[in-house]
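Below is the file target-v1.tsv, which contains TSV, C-alpha atoms.
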```
chain	number	residue	atom	x	y	z
Z	1	MET	CA	6.21	-5.75	-44.03
Z	2	VAL	CA	3.45	-8.30	-43.71
Z	3	HIS	CA	0.03	-7.45	-45.17
Z	4	PHE	CA	-3.36	-8.44	-43.77
Z	5	SER	CA	-6.43	-8.01	-45.96
Z	6	LEU	CA	-10.10	-8.14	-45.04
Z	7	ASP	CA	-10.05	-11.77	-46.09
Z	8	ASN	CA	-7.20	-12.48	-43.64
Z	9	LEU	CA	-9.14	-10.73	-40.86
Z	10	ASP	CA	-12.26	-12.79	-41.60
Z	11	LYS	CA	-10.32	-16.01	-41.18
Z	12	MET	CA	-8.71	-15.12	-37.85
Z	13	GLU	CA	-9.89	-16.90	-34.70
Z	14	ARG	CA	-12.20	-14.59	-32.74
Z	15	PHE	CA	-9.96	-13.78	-29.75
Z	16	TYR	CA	-6.84	-13.55	-31.93
Z	17	ARG	CA	-8.64	-11.00	-34.13
Z	18	ALA	CA	-9.86	-9.06	-31.08
Z	19	ASN	CA	-6.28	-8.83	-29.76
Z	20	PHE	CA	-4.97	-7.84	-33.18
Z	21	ILE	CA	-7.49	-5.11	-33.98
Z	22	ASN	CA	-7.46	-3.74	-30.43
Z	23	ALA	CA	-3.68	-3.28	-30.65
Z	24	LEU	CA	-3.90	-1.14	-33.80
Z	25	THR	CA	-5.08	1.90	-31.86
Z	26	GLY	CA	-2.04	1.70	-29.61
Z	27	PHE	CA	-1.63	2.70	-25.99
Z	28	LYS	CA	-4.42	4.31	-23.97
Z	29	SER	CA	-4.93	5.26	-20.36
Z	30	PRO	CA	-7.84	3.19	-19.10
Z	31	VAL	CA	-10.29	4.80	-16.67
Z	32	LEU	CA	-12.46	3.26	-14.00
Z	33	THR	CA	-16.00	4.49	-14.53
Z	34	GLY	CA	-18.05	4.75	-11.35
Z	35	THR	CA	-21.85	4.73	-11.45
Z	36	VAL	CA	-24.78	4.04	-9.14
Z	37	ASN	CA	-28.23	2.69	-9.92
Z	38	THR	CA	-31.51	4.08	-8.61
Z	39	GLN	CA	-31.41	1.58	-5.71
Z	40	GLY	CA	-28.04	2.97	-4.61
Z	41	ILE	CA	-25.98	-0.05	-5.75
Z	42	GLU	CA	-22.58	1.04	-7.03
Z	43	ASN	CA	-20.85	-0.20	-10.16
Z	44	LEU	CA	-17.23	0.19	-11.27
Z	45	ALA	CA	-15.94	-0.80	-14.71
Z	46	ILE	CA	-12.73	-0.32	-16.65
Z	47	PHE	CA	-12.95	1.41	-20.05
Z	48	ASN	CA	-10.06	1.76	-22.48
Z	49	ASN	CA	-11.62	3.86	-25.19
Z	50	ILE	CA	-11.89	7.43	-24.00
Z	51	VAL	CA	-11.45	10.54	-26.13
Z	52	HIS	CA	-11.08	14.23	-25.49
Z	53	LEU	CA	-13.82	16.06	-27.38
Z	54	GLY	CA	-13.16	19.62	-26.32
Z	55	SER	CA	-11.93	21.87	-23.52
Z	56	ASN	CA	-14.54	24.64	-23.49
Z	57	PRO	CA	-17.01	23.16	-22.71
Z	58	ALA	CA	-14.97	20.27	-21.28
Z	59	LEU	CA	-16.36	17.21	-23.07
Z	60	ILE	CA	-15.17	13.61	-22.95
Z	61	GLY	CA	-16.47	10.67	-24.96
Z	62	PHE	CA	-16.19	6.95	-24.42
Z	63	VAL	CA	-17.24	3.82	-26.28
Z	64	ASN	CA	-19.65	1.46	-24.54
Z	65	ARG	CA	-19.92	-2.06	-25.93
Z	66	PRO	CA	-23.32	-3.51	-26.92
Z	67	ARG	CA	-25.84	-3.53	-24.09
Z	68	GLU	CA	-25.94	-7.31	-23.85
Z	69	ALA	CA	-22.15	-7.41	-23.32
Z	70	ALA	CA	-21.82	-4.45	-20.94
Z	71	PRO	CA	-25.20	-3.39	-19.57
Z	72	HIS	CA	-24.69	-1.90	-16.08
Z	73	THR	CA	-22.57	1.21	-16.61
Z	74	LEU	CA	-24.68	2.56	-19.47
Z	75	ALA	CA	-27.99	1.77	-17.73
Z	76	ASN	CA	-26.83	3.52	-14.56
Z	77	ILE	CA	-25.61	6.58	-16.47
Z	78	GLU	CA	-28.93	6.84	-18.29
Z	79	ALA	CA	-30.87	6.42	-15.02
Z	80	THR	CA	-28.95	8.99	-12.97
Z	81	GLY	CA	-27.34	11.25	-15.58
Z	82	VAL	CA	-23.96	11.26	-13.82
Z	83	TYR	CA	-20.78	9.20	-13.64
Z	84	THR	CA	-17.16	9.46	-12.57
Z	85	MET	CA	-13.90	8.62	-14.34
Z	86	ASN	CA	-10.83	7.69	-12.32
Z	87	LEU	CA	-7.35	7.33	-13.83
Z	88	VAL	CA	-5.51	4.13	-12.94
Z	89	ALA	CA	-2.10	4.11	-11.23
Z	90	ASN	CA	0.45	1.31	-11.30
Z	91	SER	CA	-0.34	0.43	-7.67
Z	92	PHE	CA	-3.87	-0.79	-8.47
Z	93	PHE	CA	-3.99	-1.81	-12.15
Z	94	ARG	CA	-4.66	-5.46	-11.22
Z	95	GLN	CA	-7.79	-4.53	-9.28
Z	96	ALA	CA	-8.82	-2.20	-12.11
Z	97	HIS	CA	-8.52	-5.06	-14.62
Z	98	GLN	CA	-10.57	-7.33	-12.34
Z	99	THR	CA	-13.57	-4.98	-12.72
Z	100	SER	CA	-13.87	-6.31	-16.28
Z	101	ALA	CA	-15.14	-9.65	-14.92
Z	102	LYS	CA	-18.85	-10.26	-15.55
Z	103	TYR	CA	-20.29	-9.87	-12.07
Z	104	PRO	CA	-24.07	-10.19	-11.75
Z	105	GLU	CA	-26.16	-7.03	-11.47
Z	106	GLY	CA	-26.31	-5.93	-7.85
Z	107	VAL	CA	-22.73	-6.99	-7.08
Z	108	SER	CA	-20.41	-4.03	-6.40
Z	109	GLU	CA	-17.01	-4.26	-8.06
Z	110	PHE	CA	-15.66	-2.16	-5.19
Z	111	GLU	CA	-16.36	-4.99	-2.77
Z	112	GLN	CA	-15.07	-7.65	-5.15
Z	113	THR	CA	-11.77	-5.93	-5.99
Z	114	GLY	CA	-10.92	-4.20	-2.71
Z	115	LEU	CA	-10.86	-0.76	-4.31
Z	116	HIS	CA	-12.46	1.88	-2.09
Z	117	SER	CA	-15.52	3.90	-3.01
Z	118	GLU	CA	-15.69	7.52	-1.92
Z	119	LYS	CA	-18.26	10.27	-2.31
Z	120	ARG	CA	-17.22	13.80	-3.19
Z	121	GLY	CA	-19.28	16.98	-3.36
Z	122	ASN	CA	-22.91	16.27	-4.21
Z	123	CYS	CA	-22.13	13.69	-6.90
Z	124	PRO	CA	-24.17	10.51	-6.31
Z	125	ALA	CA	-21.78	8.37	-8.39
Z	126	PRO	CA	-18.79	6.90	-6.54
Z	127	PHE	CA	-15.17	7.89	-7.06
Z	128	VAL	CA	-12.22	5.53	-6.57
Z	129	ALA	CA	-10.38	6.59	-3.40
Z	130	GLU	CA	-7.06	5.19	-4.68
Z	131	SER	CA	-7.10	7.30	-7.88
Z	132	PRO	CA	-4.91	10.42	-7.92
Z	133	VAL	CA	-6.83	12.06	-10.82
Z	134	LYS	CA	-10.61	11.75	-11.06
Z	135	PHE	CA	-13.56	13.73	-12.30
Z	136	ALA	CA	-17.35	13.77	-12.40
Z	137	LEU	CA	-19.33	14.01	-15.63
Z	138	GLU	CA	-22.88	14.87	-16.55
Z	139	LEU	CA	-24.37	12.86	-19.42
Z	140	LYS	CA	-24.92	14.92	-22.58
Z	141	GLU	CA	-25.73	12.37	-25.28
Z	142	VAL	CA	-25.67	8.66	-26.08
Z	143	ILE	CA	-25.03	8.13	-29.79
Z	144	PRO	CA	-25.80	4.60	-31.07
Z	145	ILE	CA	-23.24	3.28	-33.57
Z	146	ARG	CA	-25.34	1.46	-36.13
Z	147	PHE	CA	-22.61	-0.81	-37.50
Z	148	ASN	CA	-22.08	-2.89	-34.36
Z	149	ASN	CA	-24.54	-1.79	-31.64
Z	150	THR	CA	-21.90	0.02	-29.61
Z	151	TYR	CA	-22.52	3.50	-28.17
Z	152	PHE	CA	-20.53	6.70	-28.16
Z	153	VAL	CA	-21.31	8.32	-24.81
Z	154	ILE	CA	-20.61	12.04	-24.38
Z	155	GLY	CA	-20.32	13.70	-20.99
Z	156	ALA	CA	-19.46	17.17	-19.71
Z	157	VAL	CA	-16.84	17.38	-16.98
Z	158	THR	CA	-18.33	19.14	-13.92
Z	159	ASP	CA	-15.81	18.58	-11.11
Z	160	ILE	CA	-12.17	17.52	-11.04
Z	161	TYR	CA	-10.18	16.22	-8.06
Z	162	LEU	CA	-6.44	15.63	-8.14
Z	163	GLU	CA	-3.30	15.48	-6.08
Z	164	PRO	CA	-2.06	19.09	-6.12
Z	165	THR	CA	1.58	18.11	-6.75
Z	166	LEU	CA	0.55	16.78	-10.19
Z	167	LEU	CA	-0.54	20.15	-11.58
Z	168	LEU	CA	2.16	21.75	-13.75
Z	169	SER	CA	2.61	25.46	-14.39
Z	170	ASP	CA	1.14	25.24	-17.91
Z	171	GLY	CA	-2.02	23.43	-16.77
Z	172	CYS	CA	-0.88	19.97	-17.89
Z	173	LEU	CA	-0.73	17.12	-15.36
Z	174	ASP	CA	2.40	15.18	-14.40
Z	175	LEU	CA	0.83	11.76	-14.92
Z	176	PRO	CA	4.18	9.88	-14.97
Z	177	LYS	CA	4.83	11.21	-11.45
Z	178	ALA	CA	1.52	9.64	-10.36
Z	179	GLU	CA	2.51	6.40	-12.15
Z	180	ILE	CA	-0.63	6.51	-14.29
Z	181	ILE	CA	-0.50	3.51	-16.57
Z	182	ALA	CA	-1.38	2.91	-20.21
Z	183	SER	CA	-3.05	-0.20	-21.56
Z	184	LEU	CA	-2.60	-1.99	-24.87
Z	185	GLY	CA	-5.29	-4.19	-26.32
Z	186	ILE	CA	-7.59	-5.81	-23.82
Z	187	ASN	CA	-5.21	-7.05	-21.13
Z	188	SER	CA	-1.72	-5.51	-21.30
Z	189	TYR	CA	-0.73	-2.76	-18.83
Z	190	HIS	CA	2.32	-0.55	-19.22
Z	191	THR	CA	4.26	2.02	-17.22
Z	192	VAL	CA	5.01	5.28	-19.04
Z	193	GLY	CA	8.23	7.29	-19.07
Z	194	GLU	CA	8.74	10.96	-18.25
Z	195	GLY	CA	8.34	12.36	-21.72
Z	196	THR	CA	9.44	15.27	-23.86
Z	197	LYS	CA	7.41	18.43	-24.29
Z	198	LEU	CA	7.54	20.07	-27.70
Z	199	ALA	CA	6.70	23.66	-28.56
Z	200	TYR	CA	3.48	24.59	-30.40
Z	201	ALA	CA	4.25	23.69	-34.00
Z	202	LYS	CA	4.43	26.50	-36.58
Z	203	PRO	CA	4.93	26.21	-40.34
U	1	MET	CA	-6.88	16.68	-3.06
U	2	VAL	CA	-7.57	19.92	-4.85
U	3	HIS	CA	-11.02	20.49	-6.37
U	4	PHE	CA	-11.82	22.33	-9.59
U	5	SER	CA	-15.44	23.29	-10.28
U	6	LEU	CA	-17.05	24.49	-13.49
U	7	ASP	CA	-16.56	28.01	-12.19
U	8	ASN	CA	-12.80	27.37	-11.80
U	9	LEU	CA	-12.65	25.99	-15.35
U	10	ASP	CA	-14.45	29.05	-16.73
U	11	LYS	CA	-11.86	31.35	-15.19
U	12	MET	CA	-8.81	29.50	-16.53
U	13	GLU	CA	-6.74	31.09	-19.28
U	14	ARG	CA	-7.59	29.43	-22.60
U	15	PHE	CA	-4.34	27.50	-23.22
U	16	TYR	CA	-4.00	26.55	-19.55
U	17	ARG	CA	-7.52	25.08	-19.64
U	18	ALA	CA	-6.80	23.23	-22.89
U	19	ASN	CA	-3.69	21.64	-21.34
U	20	PHE	CA	-5.59	20.80	-18.17
U	21	ILE	CA	-8.65	19.20	-19.79
U	22	ASN	CA	-6.59	17.38	-22.42
U	23	ALA	CA	-4.52	15.74	-19.68
U	24	LEU	CA	-7.60	14.28	-17.95
U	25	THR	CA	-7.99	11.54	-20.56
U	26	GLY	CA	-4.41	10.41	-19.95
U	27	PHE	CA	-1.96	8.81	-22.33
U	28	LYS	CA	-2.82	7.95	-25.92
U	29	SER	CA	-0.92	6.71	-28.95
U	30	PRO	CA	-1.18	9.42	-31.58
U	31	VAL	CA	-1.55	8.40	-35.22
U	32	LEU	CA	-0.52	10.17	-38.38
U	33	THR	CA	-3.52	10.27	-40.67
U	34	GLY	CA	-2.66	10.27	-44.37
U	35	THR	CA	-5.10	11.57	-46.97
U	36	VAL	CA	-5.11	12.86	-50.52
U	37	ASN	CA	-7.37	15.38	-52.21
U	38	THR	CA	-8.97	14.97	-55.64
U	39	GLN	CA	-6.03	16.85	-57.22
U	40	GLY	CA	-3.60	14.30	-55.81
U	41	ILE	CA	-2.11	16.58	-53.15
U	42	GLU	CA	-1.25	14.61	-50.03
U	43	ASN	CA	-1.94	15.64	-46.45
U	44	LEU	CA	-0.58	14.24	-43.20
U	45	ALA	CA	-1.86	15.21	-39.76
U	46	ILE	CA	-1.37	13.98	-36.21
U	47	PHE	CA	-4.46	12.92	-34.25
U	48	ASN	CA	-4.46	11.98	-30.58
U	49	ASN	CA	-8.07	10.95	-30.09
U	50	ILE	CA	-8.59	7.53	-31.62
U	51	VAL	CA	-10.84	4.80	-30.27
U	52	HIS	CA	-11.37	1.13	-31.00
U	53	LEU	CA	-15.04	0.62	-31.87
U	54	GLY	CA	-15.07	-3.08	-32.65
U	55	SER	CA	-13.07	-5.98	-34.08
U	56	ASN	CA	-15.62	-7.68	-36.32
U	57	PRO	CA	-16.11	-5.60	-38.38
U	58	ALA	CA	-12.87	-3.80	-37.53
U	59	LEU	CA	-13.98	-0.23	-36.82
U	60	ILE	CA	-11.96	2.72	-35.55
U	61	GLY	CA	-13.22	6.18	-34.63
U	62	PHE	CA	-11.42	9.47	-34.28
U	63	VAL	CA	-12.33	13.00	-33.29
U	64	ASN	CA	-11.83	15.76	-35.85
U	65	ARG	CA	-11.81	19.31	-34.56
U	66	PRO	CA	-14.16	21.93	-36.05
U	67	ARG	CA	-13.76	22.39	-39.81
U	68	GLU	CA	-12.39	25.93	-39.50
U	69	ALA	CA	-9.61	24.67	-37.18
U	70	ALA	CA	-8.71	21.45	-39.04
U	71	PRO	CA	-10.21	21.40	-42.52
U	72	HIS	CA	-7.94	19.35	-44.78
U	73	THR	CA	-8.02	15.82	-43.37
U	74	LEU	CA	-11.79	15.67	-43.08
U	75	ALA	CA	-12.40	17.27	-46.49
U	76	ASN	CA	-10.01	14.79	-48.13
U	77	ILE	CA	-11.62	11.81	-46.38
U	78	GLU	CA	-15.07	12.94	-47.50
U	79	ALA	CA	-13.85	13.51	-51.06
U	80	THR	CA	-12.05	10.18	-51.52
U	81	GLY	CA	-13.63	7.91	-48.88
U	82	VAL	CA	-10.28	6.52	-47.74
U	83	TYR	CA	-7.47	7.36	-45.33
U	84	THR	CA	-4.53	5.77	-43.56
U	85	MET	CA	-3.45	5.70	-39.93
U	86	ASN	CA	0.21	5.25	-39.04
U	87	LEU	CA	1.46	4.66	-35.49
U	88	VAL	CA	4.31	6.90	-34.35
U	89	ALA	CA	7.65	5.52	-33.14
U	90	ASN	CA	10.14	7.30	-30.90
U	91	SER	CA	12.49	7.85	-33.86
U	92	PHE	CA	10.10	10.28	-35.60
U	93	PHE	CA	7.79	11.80	-32.98
U	94	ARG	CA	9.25	15.29	-33.58
U	95	GLN	CA	8.32	15.19	-37.26
U	96	ALA	CA	4.92	13.77	-36.35
U	97	HIS	CA	4.30	16.70	-34.00
U	98	GLN	CA	5.38	19.16	-36.69
U	99	THR	CA	2.44	18.03	-38.88
U	100	SER	CA	0.18	19.89	-36.42
U	101	ALA	CA	1.46	23.23	-37.78
U	102	LYS	CA	-1.10	25.12	-39.84
U	103	TYR	CA	0.29	24.74	-43.34
U	104	PRO	CA	-1.76	26.24	-46.18
U	105	GLU	CA	-3.92	23.95	-48.29
U	106	GLY	CA	-1.83	22.45	-51.06
U	107	VAL	CA	1.31	22.15	-48.94
U	108	SER	CA	2.26	18.53	-48.22
U	109	GLU	CA	3.30	17.84	-44.63
U	110	PHE	CA	5.47	15.02	-45.99
U	111	GLU	CA	7.67	17.55	-47.77
U	112	GLN	CA	7.69	19.93	-44.81
U	113	THR	CA	8.60	17.36	-42.15
U	114	GLY	CA	10.86	15.00	-44.07
U	115	LEU	CA	8.64	11.99	-43.42
U	116	HIS	CA	8.32	9.75	-46.47
U	117	SER	CA	5.08	9.04	-48.29
U	118	GLU	CA	4.53	5.57	-49.67
U	119	LYS	CA	1.73	3.91	-51.61
U	120	ARG	CA	0.59	0.40	-50.78
U	121	GLY	CA	-1.87	-1.85	-52.57
U	122	ASN	CA	-4.52	0.14	-54.43
U	123	CYS	CA	-5.07	2.67	-51.63
U	124	PRO	CA	-4.87	6.23	-53.03
U	125	ALA	CA	-4.12	7.71	-49.59
U	126	PRO	CA	-0.46	7.82	-48.55
U	127	PHE	CA	1.12	5.78	-45.78
U	128	VAL	CA	4.12	6.92	-43.72
U	129	ALA	CA	7.13	4.85	-44.78
U	130	GLU	CA	8.79	5.23	-41.35
U	131	SER	CA	5.82	3.75	-39.46
U	132	PRO	CA	6.13	0.10	-38.33
U	133	VAL	CA	2.33	-0.36	-37.91
U	134	LYS	CA	-0.11	1.21	-40.37
U	135	PHE	CA	-3.50	0.54	-41.86
U	136	ALA	CA	-5.96	1.79	-44.43
U	137	LEU	CA	-9.55	2.70	-43.63
U	138	GLU	CA	-12.72	3.19	-45.61
U	139	LEU	CA	-15.00	5.97	-44.37
U	140	LYS	CA	-18.24	4.69	-42.85
U	141	GLU	CA	-19.81	7.73	-41.18
U	142	VAL	CA	-19.09	11.27	-40.04
U	143	ILE	CA	-21.13	12.09	-36.93
U	144	PRO	CA	-21.35	15.81	-36.08
U	145	ILE	CA	-21.05	16.54	-32.35
U	146	ARG	CA	-23.56	19.31	-31.77
U	147	PHE	CA	-22.05	20.72	-28.58
U	148	ASN	CA	-18.82	22.04	-30.09
U	149	ASN	CA	-18.81	21.43	-33.87
U	150	THR	CA	-16.34	18.57	-33.70
U	151	TYR	CA	-16.89	15.34	-35.64
U	152	PHE	CA	-16.68	11.69	-34.69
U	153	VAL	CA	-15.35	9.97	-37.81
U	154	ILE	CA	-15.86	6.20	-38.15
U	155	GLY	CA	-13.83	4.06	-40.53
U	156	ALA	CA	-13.56	0.37	-41.34
U	157	VAL	CA	-10.05	-1.09	-41.43
U	158	THR	CA	-9.43	-2.68	-44.84
U	159	ASP	CA	-5.68	-3.40	-44.96
U	160	ILE	CA	-3.00	-3.64	-42.30
U	161	TYR	CA	0.78	-3.51	-42.79
U	162	LEU	CA	3.26	-4.20	-40.01
U	163	GLU	CA	6.75	-5.41	-39.22
U	164	PRO	CA	6.30	-9.18	-38.85
U	165	THR	CA	8.46	-9.38	-35.71
U	166	LEU	CA	5.84	-7.31	-33.84
U	167	LEU	CA	3.05	-9.88	-34.11
U	168	LEU	CA	2.70	-11.97	-30.94
U	169	SER	CA	1.29	-15.49	-30.72
U	170	ASP	CA	-2.04	-14.28	-29.26
U	171	GLY	CA	-2.62	-11.71	-32.02
U	172	CYS	CA	-1.55	-8.71	-29.93
U	173	LEU	CA	1.27	-6.45	-31.17
U	174	ASP	CA	4.56	-5.81	-29.37
U	175	LEU	CA	4.35	-2.03	-29.61
U	176	PRO	CA	7.06	-1.40	-26.95
U	177	LYS	CA	9.48	-3.36	-29.14
U	178	ALA	CA	8.71	-0.96	-32.01
U	179	GLU	CA	9.15	1.99	-29.59
U	180	ILE	CA	5.64	3.24	-30.34
U	181	ILE	CA	5.11	6.33	-28.20
U	182	ALA	CA	2.20	7.70	-26.21
U	183	SER	CA	1.22	11.34	-25.99
U	184	LEU	CA	-0.21	13.34	-23.13
U	185	GLY	CA	-2.18	16.50	-23.69
U	186	ILE	CA	-1.34	18.43	-26.80
U	187	ASN	CA	2.46	18.39	-26.83
U	188	SER	CA	4.03	15.81	-24.48
U	189	TYR	CA	5.47	12.57	-25.91
U	190	HIS	CA	6.38	9.54	-23.81
U	191	THR	CA	8.14	6.22	-24.19
U	192	VAL	CA	6.24	3.20	-22.88
U	193	GLY	CA	7.56	0.25	-20.88
U	194	GLU	CA	7.25	-3.45	-21.63
U	195	GLY	CA	4.11	-4.12	-19.67
U	196	THR	CA	2.31	-6.90	-17.83
U	197	LYS	CA	-0.32	-9.10	-19.43
U	198	LEU	CA	-3.18	-10.18	-17.19
U	199	ALA	CA	-5.51	-13.14	-17.72
U	200	TYR	CA	-9.12	-12.67	-18.84
U	201	ALA	CA	-10.89	-11.56	-15.64
U	202	LYS	CA	-13.52	-13.86	-14.14
U	203	PRO	CA	-15.74	-13.21	-11.11
```

Could you rewrite the structure in this file as structure tokens?
Amino acid sequence: MVHFSLDNLDKMERFYRANFINALTGFKSPVLTGTVNTQGIENLAIFNNIVHLGSNPALIGFVNRPREAAPHTLANIEATGVYTMNLVANSFFRQAHQTSAKYPEGVSEFEQTGLHSEKRGNCPAPFVAESPVKFALELKEVIPIRFNNTYFVIGAVTDIYLEPTLLLSDGCLDLPKAEIIASLGINSYHTVGEGTKLAYAKP
Amino acid sequence: MVHFSLDNLDKMERFYRANFINALTGFKSPVLTGTVNTQGIENLAIFNNIVHLGSNPALIGFVNRPREAAPHTLANIEATGVYTMNLVANSFFRQAHQTSAKYPEGVSEFEQTGLHSEKRGNCPAPFVAESPVKFALELKEVIPIRFNNTYFVIGAVTDIYLEPTLLLSDGCLDLPKAEIIASLGINSYHTVGEGTKLAYAKP
């Protein structure tokens, strides 16, 4: 095995190091996060770093980069208190990736990428019409991470919309059937196989 | 599409709801987290909720369940200040899952599952010998999540060990080549395909 120390990391070129460290946490399903500002302008951005925090109440966290690098989503969430998350299928991962481009404030990523915005229920934030699994969240807390000016953003799931054929008898979702993809690092997108379900582990 | 409201979530059976809400965040690469207590007894536990927090410094966060549900890993990390994370390959995902069984304190999951502990460098926490990508972390902060008594645990990566054939020319890692798996919900394990790399997105 090859060993990399802190000294090795320090000497890596910036983008090489970003690719390297991002890959250490493995595969993740990215989500498209839909928000709206107080003027009604919609924003859509891809986020790779989402965690399940609990099922009752249903809480989900995500990492927002420093405000200067990624300002719109967090500002909109703080202004309106609501946002949506939309899982990404293989049929539109290229458009999802394109939302990571730095468009000026006031430009809607829906218009730029060709993904379709849709409203559901009384949620002011937009959903992605193409997404087969999507949900609305209510902001609970924004926790600043003091080491690098990122933010851990916690939301409570309030409404879930999904294709009914994806719901399995145990409550789990058949995400391979919907061709939900996983990402690796900052720009690699992967299909996922059917999987093996194991029983609850006992000593 | 079918709609689930907060009222629908409230009425779900507990395990059904846990499966349902866990699936919403999609696929994730689980890691085996290796720790040791002050008496030298090793612990190994599977965690699904890991996020990349930054590359410089290299910071990784994970969610630890409430102390009464998952006490050993967090107590060991707080006592020693160090831990390891080990990506899980297809060849040992069943043993990795078995570490989620509630063994009494003082029982090593290495012995129970047949996975092999190994020491590397001067890190007191154990690595998993079978893992092709693994790293040591130094505890930076434990942030209590007030809504459900979980913890967001932040660590700085100090040392990385990997199979040299996995390192790509851009710094990313060829995790499909190592057959690193992704999990879905609490008990479903999936192989991942080769993937498509997209260029840095520009407006």

Shell of 7 Å around region 59-66 of chain Z, all atoms listed in the file, local chain residues under 2 positions omitted, as an mmCIF file with C-alpha atoms, in the coordinates of the input:
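Ended up saving to result_2.cif:
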```cif
data_model
loop_
_atom_site.group_PDB
_atom_site.id
_atom_site.type_symbol
_atom_site.label_atom_id
_atom_site.label_comp_id
_atom_site.auth_asym_id
_atom_site.auth_seq_id
_atom_site.Cartn_x
_atom_site.Cartn_y
_atom_site.Cartn_z
ATOM 1 C CA ASN Z 49 -11.620 3.860 -25.190
ATOM 2 C CA ILE Z 50 -11.890 7.430 -24.000
ATOM 3 C CA VAL Z 51 -11.450 10.540 -26.130
ATOM 4 C CA HIS Z 52 -11.080 14.230 -25.490
ATOM 5 C CA LEU Z 53 -13.820 16.060 -27.380
ATOM 6 C CA GLY Z 54 -13.160 19.620 -26.320
ATOM 7 C CA SER Z 55 -11.930 21.870 -23.520
ATOM 8 C CA PRO Z 57 -17.010 23.160 -22.710
ATOM 9 C CA GLU Z 68 -25.940 -7.310 -23.850
ATOM 10 C CA ALA Z 69 -22.150 -7.410 -23.320
ATOM 11 C CA ALA Z 70 -21.820 -4.450 -20.940
ATOM 12 C CA ASN Z 149 -24.540 -1.790 -31.640
ATOM 13 C CA THR Z 150 -21.900 0.020 -29.610
ATOM 14 C CA TYR Z 151 -22.520 3.500 -28.170
ATOM 15 C CA PHE Z 152 -20.530 6.700 -28.160
ATOM 16 C CA VAL Z 153 -21.310 8.320 -24.810
ATOM 17 C CA ILE Z 154 -20.610 12.040 -24.380
ATOM 18 C CA GLY Z 155 -20.320 13.700 -20.990
ATOM 19 C CA ALA Z 156 -19.460 17.170 -19.710
ATOM 20 C CA VAL Z 157 -16.840 17.380 -16.980
ATOM 21 C CA LEU U 53 -15.040 0.620 -31.870
#
```

Exercise for the section: Give me, as a VMD selection string, the contact residues of chain Z against chain U at a cut-off of 6 Å, counting all atoms listed in the file. Expected result: chain Z and resid 1 to 6 16 18 to 21 23 26 to 29 49 51 55 98 101 103 158 to 164 170 to 173 187 to 193 195 to 198 201 to 203

Practice task
Provide the CA of Pro124 (chain U) to CA of Val36 (chain U) distance in Å, to one decimal place.
Solution key: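 Taking CA of Pro124 (chain U) as the start and CA of Val36 (chain U) as the end point, the length is 7.1 Å.
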
Handout entry: Point-to-point distance in Å for CA of Ala75 (chain Z) and CA of Asn37 (chain Z)
Key = 7.9 Å

Problem - Separation of CA of Glu118 (chain Z) from CA of Glu179 (chain Z), in Å and rounded to one decimal - result: 20.9 Å

Handout entry: Nearest residue to Ala79 (chain Z) from the set Z:Gly106, Z:Pro126, Z:Gly40, Z:Pro144 (distances using all atoms listed in the file)
Key =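 With all atoms listed in the file as the atom set, the closest residue is Z:Gly40.
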